[in-house]
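final.txt follows (compact mmCIF, C-alpha atoms):
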```txt
# COMPACT_ATOMS: atom_id res chain seq x y z
CA MET F 1 168.03 80.85 131.31
CA VAL F 2 168.25 77.39 132.85
CA ASN F 3 168.79 76.83 136.58
CA ARG F 4 167.47 80.23 137.61
CA LYS F 5 165.23 80.72 140.61
CA ALA F 6 161.91 82.56 140.61
CA PHE F 7 162.94 85.75 142.39
CA ILE F 8 164.36 89.22 141.73
CA CYS F 9 166.67 90.96 144.19
CA GLY F 10 168.50 94.24 144.72
CA ILE F 11 172.14 94.81 145.59
CA LYS F 12 173.71 97.15 148.12
CA SER F 13 175.95 99.59 146.28
CA PHE F 14 177.77 100.71 143.11
CA SER F 15 179.52 97.38 142.55
CA LEU F 16 179.08 93.75 143.52
CA ASN F 17 180.88 92.67 146.67
CA ALA F 18 182.30 89.15 147.12
CA ASN F 19 179.21 87.96 149.04
CA GLU F 20 176.88 89.20 146.31
CA ILE F 21 178.93 87.56 143.54
CA ASN F 22 178.80 84.30 145.47
CA PHE F 23 175.04 84.71 146.09
CA LEU F 24 174.31 85.31 142.39
CA LYS F 25 176.39 82.29 141.34
CA ILE F 26 174.75 79.95 143.88
CA HIS F 27 171.12 81.14 143.89
CA ARG F 28 170.82 82.49 140.33
CA PRO F 29 167.88 84.93 140.62
CA TRP F 30 165.73 85.44 137.52
CA GLY F 31 166.57 89.18 137.56
CA ILE F 32 168.17 92.09 139.44
CA ILE F 33 166.55 95.46 140.28
CA LEU F 34 168.54 98.71 140.44
CA PHE F 35 167.94 101.70 142.73
CA THR F 36 169.52 105.14 143.23
CA ARG F 37 172.03 103.54 145.62
CA ASN F 38 173.43 101.56 142.67
CA ILE F 39 173.80 104.49 140.25
CA LYS F 40 176.68 107.00 140.48
CA ASP F 41 177.16 107.65 136.75
CA ILE F 42 176.61 105.90 133.42
CA LYS F 43 180.07 104.31 133.18
CA GLN F 44 179.96 102.84 136.71
CA THR F 45 176.40 101.52 136.31
CA ARG F 46 177.20 99.93 132.95
CA LYS F 47 180.22 98.24 134.48
CA LEU F 48 177.94 96.87 137.22
CA THR F 49 175.27 95.55 134.83
CA ASP F 50 177.91 94.09 132.50
CA GLN F 51 179.39 92.23 135.49
CA ILE F 52 175.95 90.83 136.38
CA LYS F 53 175.26 89.74 132.79
CA LYS F 54 178.70 88.09 132.60
CA ILE F 55 177.93 85.98 135.70
CA PHE F 56 174.81 84.65 133.96
CA LYS F 57 176.43 84.52 130.49
CA ASP F 58 173.34 86.29 129.16
CA GLN F 59 173.38 89.71 127.44
CA ASN F 60 169.57 89.82 127.78
CA TYR F 61 169.60 89.04 131.53
CA PRO F 62 166.68 90.95 133.13
CA ILE F 63 167.86 94.17 134.82
CA LEU F 64 164.91 96.12 136.21
CA ILE F 65 164.65 99.72 137.39
CA ASP F 66 161.84 101.74 138.93
CA GLN F 67 162.15 104.83 136.71
CA GLU F 68 158.78 106.58 136.52
CA GLY F 69 159.83 110.25 136.40
CA GLY F 70 158.52 112.81 138.89
CA ARG F 71 159.09 111.68 142.50
CA VAL F 72 160.26 108.22 141.48
CA ASN F 73 163.50 109.03 139.66
CA ARG F 74 166.27 106.48 140.23
CA LEU F 75 168.35 108.31 137.61
CA LYS F 76 168.40 111.57 139.59
CA LYS F 77 172.23 111.65 139.51
CA LEU F 78 172.05 111.56 135.69
CA ILE F 79 168.98 113.67 134.82
CA SER F 80 166.10 115.60 136.41
CA PHE F 81 162.58 114.45 135.55
CA ASP F 82 161.00 116.23 138.55
CA ASN F 83 158.14 117.95 136.71
CA LEU F 84 157.45 115.08 134.31
CA THR F 85 154.96 113.24 136.49
CA SER F 86 152.28 110.87 135.22
CA ALA F 87 149.69 113.43 136.38
CA TYR F 88 151.35 116.05 134.13
CA PHE F 89 151.14 113.73 131.12
CA GLY F 90 147.55 112.79 132.01
CA LYS F 91 146.48 116.46 131.94
CA LEU F 92 148.37 117.06 128.69
CA PHE F 93 146.63 114.04 127.12
CA ILE F 94 143.22 115.65 127.81
CA GLN F 95 144.27 119.19 126.79
CA ASP F 96 146.23 118.52 123.60
CA LYS F 97 146.68 114.97 122.28
CA LYS F 98 149.08 116.03 119.52
CA LYS F 99 151.36 117.81 121.98
CA PHE F 100 151.02 114.88 124.40
CA ASN F 101 152.17 112.38 121.75
CA ILE F 102 155.27 114.46 120.94
CA TYR F 103 156.22 115.15 124.58
CA TYR F 104 155.47 111.68 125.89
CA LYS F 105 157.37 109.99 123.08
CA LEU F 106 160.38 112.24 123.76
CA PHE F 107 160.16 111.42 127.48
CA ILE F 108 160.03 107.65 126.86
CA ASP F 109 162.71 107.76 124.14
CA LYS F 110 165.08 109.67 126.47
CA THR F 111 164.30 107.36 129.40
CA SER F 112 164.89 104.30 127.21
CA GLU F 113 168.17 105.69 125.88
CA LEU F 114 169.45 106.18 129.46
CA LEU F 115 168.26 102.73 130.54
CA LYS F 116 170.08 101.12 127.62
CA LEU F 117 173.25 103.11 128.39
CA ILE F 118 173.28 101.76 131.96
CA GLY F 119 172.35 98.22 130.84
CA ALA F 120 168.76 98.04 132.15
CA ASN F 121 166.05 96.43 129.99
CA ILE F 122 162.84 96.48 132.11
CA ASN F 123 161.17 99.56 133.57
CA THR F 124 158.55 99.10 136.29
CA LEU F 125 155.85 101.29 134.78
CA PRO F 126 153.21 102.35 133.75
CA VAL F 127 151.43 102.99 137.05
CA LEU F 128 147.81 102.12 136.14
CA ASP F 129 146.39 103.00 139.57
CA LEU F 130 143.65 105.63 139.59
CA GLN F 131 143.90 109.00 141.32
CA SER F 132 141.40 108.85 144.16
CA LYS F 133 140.09 111.57 146.47
CA GLY F 134 140.98 110.96 150.13
CA ALA F 135 143.58 108.29 149.26
CA SER F 136 147.16 108.13 150.51
CA ASN F 137 149.64 110.30 148.61
CA VAL F 138 151.77 107.20 147.93
CA ILE F 139 150.22 107.10 144.42
CA GLY F 140 149.05 110.72 143.93
CA ASP F 141 150.80 112.31 140.93
CA ARG F 142 152.26 108.92 139.98
CA SER F 143 148.82 108.23 138.44
CA PHE F 144 147.78 109.62 135.06
CA SER F 145 144.18 110.41 135.99
CA LYS F 146 141.06 109.57 138.00
CA ASN F 147 139.42 108.53 134.71
CA PRO F 148 139.87 104.78 134.02
CA LYS F 149 139.68 105.19 130.22
CA THR F 150 142.38 107.87 130.21
CA VAL F 151 144.68 105.75 132.39
CA SER F 152 144.10 102.68 130.21
CA LEU F 153 144.79 104.53 126.94
CA ILE F 154 148.00 106.19 128.19
CA GLY F 155 149.05 102.82 129.63
CA ASP F 156 148.79 101.25 126.16
CA ILE F 157 150.81 104.10 124.61
CA CYS F 158 153.47 103.81 127.33
CA ILE F 159 153.90 100.04 126.87
CA ASN F 160 154.03 100.41 123.07
CA PHE F 161 156.63 103.21 123.13
CA PHE F 162 158.89 101.28 125.52
CA HIS F 163 158.57 98.06 123.51
CA ARG F 164 159.57 99.97 120.37
CA ASN F 165 162.66 101.04 122.30
CA SER F 166 163.42 97.41 123.32
CA ILE F 167 162.51 97.97 126.98
CA GLY F 168 160.05 95.73 128.83
CA THR F 169 157.39 97.20 131.14
CA VAL F 170 155.77 96.17 134.43
CA ILE F 171 152.18 97.38 134.87
CA LYS F 172 151.45 98.19 138.50
CA HIS F 173 150.00 97.81 141.03
CA ILE F 174 147.59 95.18 139.74
CA PRO F 175 144.58 95.13 140.26
CA GLY F 176 144.74 98.70 141.67
CA HIS F 177 146.31 100.61 144.57
CA GLY F 178 144.62 103.98 143.97
CA LEU F 179 141.92 103.65 146.66
CA ALA F 180 144.41 102.82 149.42
CA LYS F 181 144.21 105.27 152.32
CA SER F 182 147.59 104.25 153.72
CA ASP F 183 151.07 103.64 152.31
CA SER F 184 151.71 99.90 151.83
CA HIS F 185 155.43 100.47 152.45
CA LYS F 186 154.44 101.08 156.09
CA PHE F 187 150.90 99.76 156.71
CA THR F 188 148.35 97.31 155.24
CA PRO F 189 145.75 99.29 153.25
CA VAL F 190 142.22 97.87 153.29
CA ILE F 191 139.86 98.72 150.42
CA ASN F 192 136.15 98.21 150.95
CA LYS F 193 134.50 98.36 147.52
CA THR F 194 132.28 95.91 145.67
CA ILE F 195 133.61 93.89 142.72
CA LYS F 196 131.00 95.64 140.55
CA TYR F 197 132.48 99.05 141.43
CA LEU F 198 136.07 97.85 141.04
CA GLU F 199 135.48 96.25 137.63
CA LYS F 200 134.24 99.59 136.26
CA LYS F 201 136.98 101.63 137.89
CA ASP F 202 140.25 100.34 139.39
CA PHE F 203 140.37 96.93 137.69
CA TYR F 204 139.38 98.34 134.27
CA THR F 205 142.73 100.11 133.69
CA PHE F 206 144.65 96.80 133.75
CA LYS F 207 142.57 94.98 131.12
CA ASN F 208 144.03 93.92 127.75
CA LYS F 209 147.54 95.19 128.43
CA LYS F 210 150.38 93.86 126.28
CA SER F 211 152.99 94.22 129.01
CA PHE F 212 155.19 91.16 129.60
CA PHE F 213 155.08 91.79 133.36
CA ALA F 214 152.72 93.04 136.08
CA MET F 215 153.35 93.83 139.74
CA THR F 216 150.86 93.00 142.49
CA ALA F 217 149.45 95.47 145.03
CA HIS F 218 150.07 94.84 148.74
CA VAL F 219 146.47 95.86 149.55
CA VAL F 220 143.52 93.96 151.03
CA TYR F 221 140.23 94.00 149.07
CA ASP F 222 138.07 92.94 151.97
CA GLN F 223 134.93 92.19 149.91
CA ILE F 224 136.94 89.60 147.95
CA ASP F 225 139.49 88.29 150.48
CA LYS F 226 139.36 89.71 154.03
CA HIS F 227 142.53 88.00 155.19
CA ASN F 228 145.17 88.50 152.50
CA THR F 229 146.76 91.24 150.45
CA VAL F 230 146.56 90.76 146.68
CA THR F 231 150.12 89.34 146.72
CA HIS F 232 149.00 86.56 149.07
CA SER F 233 145.45 86.04 147.77
CA LYS F 234 144.68 83.09 145.50
CA GLU F 235 141.15 84.51 144.95
CA ILE F 236 142.42 87.87 143.70
CA ILE F 237 145.21 86.40 141.59
CA ASP F 238 142.58 84.12 139.98
CA LEU F 239 140.56 87.27 139.28
CA ILE F 240 143.66 88.96 137.75
CA ARG F 241 144.12 85.94 135.48
CA LYS F 242 140.48 85.32 134.54
CA LYS F 243 138.50 88.58 134.81
CA ILE F 244 141.26 91.11 134.12
CA GLY F 245 142.85 88.63 131.71
CA PHE F 246 146.53 89.18 132.47
CA LYS F 247 148.35 86.21 130.92
CA ASN F 248 152.01 87.03 131.43
CA ILE F 249 154.53 87.08 134.31
CA LEU F 250 153.14 88.25 137.64
CA ILE F 251 155.72 89.73 140.03
CA SER F 252 155.04 90.45 143.70
CA ASP F 253 155.68 93.98 144.96
CA ASP F 254 158.66 94.15 147.35
CA ILE F 255 158.27 91.24 149.77
CA SER F 256 159.96 93.21 152.58
CA MET F 257 157.34 95.99 152.69
CA LYS F 258 155.57 96.49 156.02
CA SER F 259 152.13 95.79 154.52
CA LEU F 260 153.01 92.10 154.69
CA LYS F 261 152.96 91.01 158.33
CA ASN F 262 154.86 87.72 158.28
CA SER F 263 158.54 86.80 158.11
CA ILE F 264 160.39 87.10 154.79
CA LYS F 265 160.26 83.31 154.48
CA ILE F 266 156.47 83.10 155.01
CA ASN F 267 155.83 86.16 152.80
CA THR F 268 157.81 84.49 150.01
CA LEU F 269 156.09 81.10 150.33
CA LYS F 270 152.62 82.67 150.51
CA ALA F 271 153.23 84.76 147.36
CA PHE F 272 154.11 81.66 145.35
CA LYS F 273 151.22 79.68 146.82
CA ALA F 274 148.77 82.44 145.82
CA GLY F 275 150.01 82.40 142.22
CA CYS F 276 152.80 84.98 141.85
CA ASN F 277 155.37 83.78 139.31
CA LEU F 278 158.29 85.81 140.68
CA VAL F 279 158.95 87.31 144.11
CA LEU F 280 160.64 90.72 144.35
CA HIS F 281 163.01 91.69 147.18
CA CYS F 282 164.54 95.16 147.00
CA ASN F 283 166.63 96.28 149.98
CA GLY F 284 169.84 94.33 149.33
CA ASN F 285 169.89 92.83 152.86
CA MET F 286 171.83 89.59 152.41
CA ARG F 287 170.19 87.77 155.33
CA GLU F 288 166.72 88.48 153.88
CA MET F 289 167.89 87.70 150.34
CA ASN F 290 169.03 84.26 151.47
CA GLN F 291 165.57 83.65 152.96
CA VAL F 292 163.92 84.62 149.66
CA ALA F 293 166.35 82.52 147.60
CA GLU F 294 166.02 79.42 149.79
CA ASN F 295 162.22 79.57 149.57
CA SER F 296 161.91 80.31 145.85
CA PRO F 297 161.40 77.45 143.37
CA PRO F 298 163.34 77.10 140.13
CA ILE F 299 161.73 78.99 137.25
CA ASP F 300 159.12 76.84 135.52
CA ASN F 301 158.24 76.34 131.84
CA PHE F 302 155.71 79.19 131.94
CA ILE F 303 158.36 81.70 133.11
CA ILE F 304 160.88 80.35 130.59
CA LYS F 305 158.36 80.69 127.72
CA LYS F 306 157.28 84.21 128.73
CA THR F 307 160.88 85.37 129.32
CA SER F 308 161.78 84.12 125.82
CA GLU F 309 158.89 86.20 124.41
CA PHE F 310 160.25 89.26 126.26
CA TYR F 311 163.79 88.59 124.95
CA LYS F 312 162.46 88.89 121.38
CA ILE F 313 161.85 92.65 121.78
CA LEU F 314 165.43 93.26 122.96
CA SER F 315 167.80 94.45 120.29
```
This entry written out as structure tokens:
Amino acid sequence: MVNRKAFICGIKSFSLNANEINFLKIHRPWGIILFTRNIKDIKQTRKLTDQIKKIFKDQNYPILIDQEGGRVNRLKKLISFDNLTSAYFGKLFIQDKKKFNIYYKLFIDKTSELLKLIGANINTLPVLDLQSKGASNVIGDRSFSKNPKTVSLIGDICINFFHRNSIGTVIKHIPGHGLAKSDSHKFTPVINKTIKYLEKKDFYTFKNKKSFFAMTAHVVYDQIDKHNTVTHSKEIIDLIRKKIGFKNILISDDISMKSLKNSIKINTLKAFKAGCNLVLHCNGNMREMNQVAENSPPIDNFIIKKTSEFYKILS
């Protein structure tokens, strides 16, 4: 784990090219994230992840994937999870808890089995954002419910089931993206709600979660910090640490998303300055990846300690 830098990046295709191999050897990111563009079949993907792990001489090297089910299905070439949205499971939880427990466990067991077959060990879920009337559809059926208690309870079950399957989780998008009226991939959402309201609703779902990782929201809470998205806001990251009580590794959402208005370099530096532990960059653009790598510090003792705790659940 030594000599790694505090960022996660994507790669372009089904195998590492010479530039990417060189990049990984020189810059040594903390982890790699996979997307549909990297997955043709199980054998090819396993070959890719084995190659990455060999470079780092670490069988536990963090390989992330954004595999929620429903619309967000990076394994679509392997399996269809189209109808198995978080909203579906949220409704089932209310209607029939016994049935929910059976179905949801099967869903997570199958997802975990596929992730292990392809060599991934961290899944970026559960989505703990609330469904919200009049909000952008970017969350929509990716959320379990509009009820904070329901979302929180299913979140705990999700994390527990994945941990039992030796897969880490990333709760997102802390401290809540549900109220956003625009898509942060394209615009900067601004949420105008009081802290009192947010603590009862959107922030509540993230409290007391045993996930090793959380991902920040690229949204502005203008009653807390008018000028910065969560990813770039020291005030809100302090609130995540102290009021929400998240004590583990905090990862930025994708640093190349349009919600962040600065250059890749400035976006990276600002995320670290605000208190993110790791910066995430997804698109596999080598020029941008170099900017992230050159402006990311080496991993510190906190990241090393927390990564070691995560490694203990891996079998």
Best match for closeness to Ile65 in chain F among F:Gly275, F:Gly31, F:Gly245, F:Pro189, counting only C-alpha atoms: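 The shortest atom-to-atom distance to Ile65 in chain F comes from F:Gly31.
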Spatial neighbours of range 288-298 of chain F, 12 Å, all atoms listed in the file, chain gap at least 2 places, as a PyMOL selection string: chain F and resi 1-12+19-20+22-30+32+254-256+263-273+276-286+300-304
Top pick for closest residue to Lys172 in chain F, considering F:Phe93, F:Phe203, F:Tyr103, F:Phe35 and counting only C-alpha atoms: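 Residue with the minimum atom-to-atom distance to Lys172 in chain F: F:Phe203.
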Pick from F:Leu16, F:Ile251, F:Leu128, F:Ile79, whichever lies nearest to Asp50 in chain F using only C-alpha atoms: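 Comparing F:Leu16, F:Ile251, F:Leu128, F:Ile79 against Asp50 in chain F, the winner is F:Leu16.
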Contacts of Asp66 in chain F within 8 Å, all atoms listed in the file, excl. fewer than 4 positions in-chain, as an NGL selection string: :F and (33-35 or 72-74 or 123-125)
Pick from F:Lys40, F:His177, F:His227, F:Lys110 nearest to Thr205 in chain F, counting only C-alpha atoms: F:His177
Spatial neighbours of range 167-169 of chain F, max dist 8 Å, all atoms listed in the file, sep filter under 2 positions, as a PyMOL selection string: chain F and resi 112+121-126+159+162-165+171+211-214+310+313-314
